[in-house]
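Comments concern the structure below.
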Amino acid sequence: MQFTTNYHTHTARCGHARGSDREMVQAAVDAGIRILGMADHCPYPGVSGPAAGVRMTLEQTQGYFDSFAALRDAFAGQVELHIGFEAEYFPGLFEGMLDFLADYPCEYLILGQHFDSGDGGWYYGRPTDDEAVLARYVEQVIRGIESRRFAYVAHPDLCRFVGDEAVERKHYLALCQAAREYNLPLEVNLLGYRDRRGYPRESFFRLAQEVGNTLILGVDAHAPEQFADPAVMDDCCRWAAQFGLPMAATIPMEKRNLS
Ligand SMILES: [Zn+2]
Ligand SMILES: [Zn+2]
């Protein structure tokens with residue numbers, strides 16, 4: 001198992017990633033990626049505060065598509081390039097976001113639930129022992145899964161619950177079961193692995209093992225050089241392989257109906 005496909009790639013438009021669009025694609029090609037999906041943090045009408053600060057603006061959307069459409073041609077024969085987004089499921093705002101995207105040739109969405117609301121109230125990557133936070137996270141992810149708009153769940157174990165194991169099990173098991181029911185892969189996130197962010201969590205993927213989920217590898221690249229570390233990529237693949245679960249190599253593009 002190795003990284004030959006990756007659907008989780010950011011651009012500098014989100015404000016916390018580095019490198020030009022071309023450098024990012026070149027780095028992925030140099031790393032041996034043959035199917036590359038761009039999934040920058042989605043422009044999202046109605047968001048504010050921290051949830052607005054980590055994503056491209058609505059005005060940047062057209063330039064994103066134009067730039068990667070040109071790079072798709074420039075790199076033809078070297079890499080198959082897809083253009084999508086990583087997005088949260090924000091109750092009350094999600095449909096508006098889909099309406100906004102309907103005007104663009106967005107090929108897929110991945111579900112990355114970083115915040116608990118459109119104003120960025122709580123960042124789920126913060127450690128917490130509050131069951132209500134984990135329950136809210138899982139409920140939002142499940143609603144996102146049930147929307148059928150997403151191709152897979154990015155860092156499904158982002159919510160950093162440090163409380164009781166039985167509580168963690170109860171909620172995260174429900175997430176794994178929903179993903180299984182809707183046939184959505186769960187991502188093993190290389191960035192989290194590399195930076196030891198608290199995810200990917202072994203306890204979470206033991207639950208996925210119990211449920212029989214399909215996994216997928218995601219680089220979550222925020223800089224070109226994050227493609228250039230074969231040792232850590234191999235390590236992460238080995239880590240993911242320990243669960244003995246099927247790995248999705250590709251995601252179907254034709255199933256995503258965004259309009
Ligand atoms: Zn990011
Ligand atoms: Zn991401």
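Labels used: A, B, ... for chains in the order of the structure tokens, numbers from 1 for residues in each chain, and numbers from 1 for ligands as shown.
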* Protein and nucleic residues near ligand 2, 9 Å, only C-alpha atoms and all ligand atoms, as number ranges by chain -> A: 8-10, 39-41, 85-87, 110, 112, 154-155, 189, 191, 218-222
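Shell of Glu80 of chain A at 8 Å, with only C-alpha atoms counted and residues fewer than 3 places along the chain excluded, is Arg34, Ile35, Leu36, Arg72, Ala76 and Gly77 of chain A.
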* Would you kindly return, as a ChimeraX atom specification, each protein, DNA or RNA residue with an atom no farther than 8 Å from any atom of Leu175 of chain A, considering only C-alpha atoms and excluding same-chain residues fewer than 5 positions away? => /A:138,141-142
Could those selected residues go to a file with N, CA and C atoms, as an mmCIF file, in the first residue's frame?
data_model
loop_
_atom_site.group_PDB
_atom_site.id
_atom_site.type_symbol
_atom_site.label_atom_id
_atom_site.label_comp_id
_atom_site.auth_asym_id
_atom_site.auth_seq_id
_atom_site.Cartn_x
_atom_site.Cartn_y
_atom_site.Cartn_z
ATOM 1 N N VAL A 138 -20.183 14.155 16.396
ATOM 2 C CA VAL A 138 -20.619 12.929 15.723
ATOM 3 C C VAL A 138 -21.969 13.147 15.038
ATOM 4 N N VAL A 141 -21.334 15.102 11.826
ATOM 5 C CA VAL A 141 -20.689 14.264 10.804
ATOM 6 C C VAL A 141 -21.709 13.283 10.220
ATOM 7 N N ILE A 142 -22.522 12.702 11.077
ATOM 8 C CA ILE A 142 -23.520 11.742 10.576
ATOM 9 C C ILE A 142 -24.524 12.445 9.662
#
Could I get the residues of segment 45-126 of chain A with an atom no further than 12 Å from an atom of segment 194-201 of chain A, each paired with its nearest atom pair and that distance in Å to one decimal, using only C-alpha atoms, sorted by chain and residue number, as JSON lines?
{"residue": "A:Tyr124", "atom": "CA", "partner": "A:Gly198", "partner_atom": "CA", "distance": 11.3}
{"residue": "A:Gly125", "atom": "CA", "partner": "A:Gly198", "partner_atom": "CA", "distance": 8.1}
{"residue": "A:Arg126", "atom": "CA", "partner": "A:Gly198", "partner_atom": "CA", "distance": 9.4}
* Using atom CA of Val153 of chain A and atom CA of Glu187 of chain A as the two end points, give the distance in Å to one decimal. =>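 These two atoms are separated by 6.0 Å.
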* Every residue of segment 5-250 of chain A that DSSP places in strand (DSSP E or B), as a ChimeraX atom specification -> /A:5-6,9,35-41,80-87,109-111,115,123,128,152-153,161,186-189,215-218,221,247
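The shell of residues at most 10 Å from Glu202 of chain A, with only C-alpha atoms counted and near chain neighbours (fewer than 4 positions) removed, consists of Asp157, Gly198, Arg206, Leu207, Ala208, Trp239, Ala240, Gln242 and Phe243 of chain A.
For Asp116 of chain A, the non-local neighbours within 10 Å, defined as residues at least 2 positions apart in the same chain or in other chains and counting only C-alpha atoms, are Ala51, Glu88, Tyr89, Phe90, Pro91, Gln113, His114, Gly118, Asp119, Gly120, Gly121, Trp122, Tyr123, Tyr124, Val133, Arg136, Tyr137 and Gln140 of chain A.
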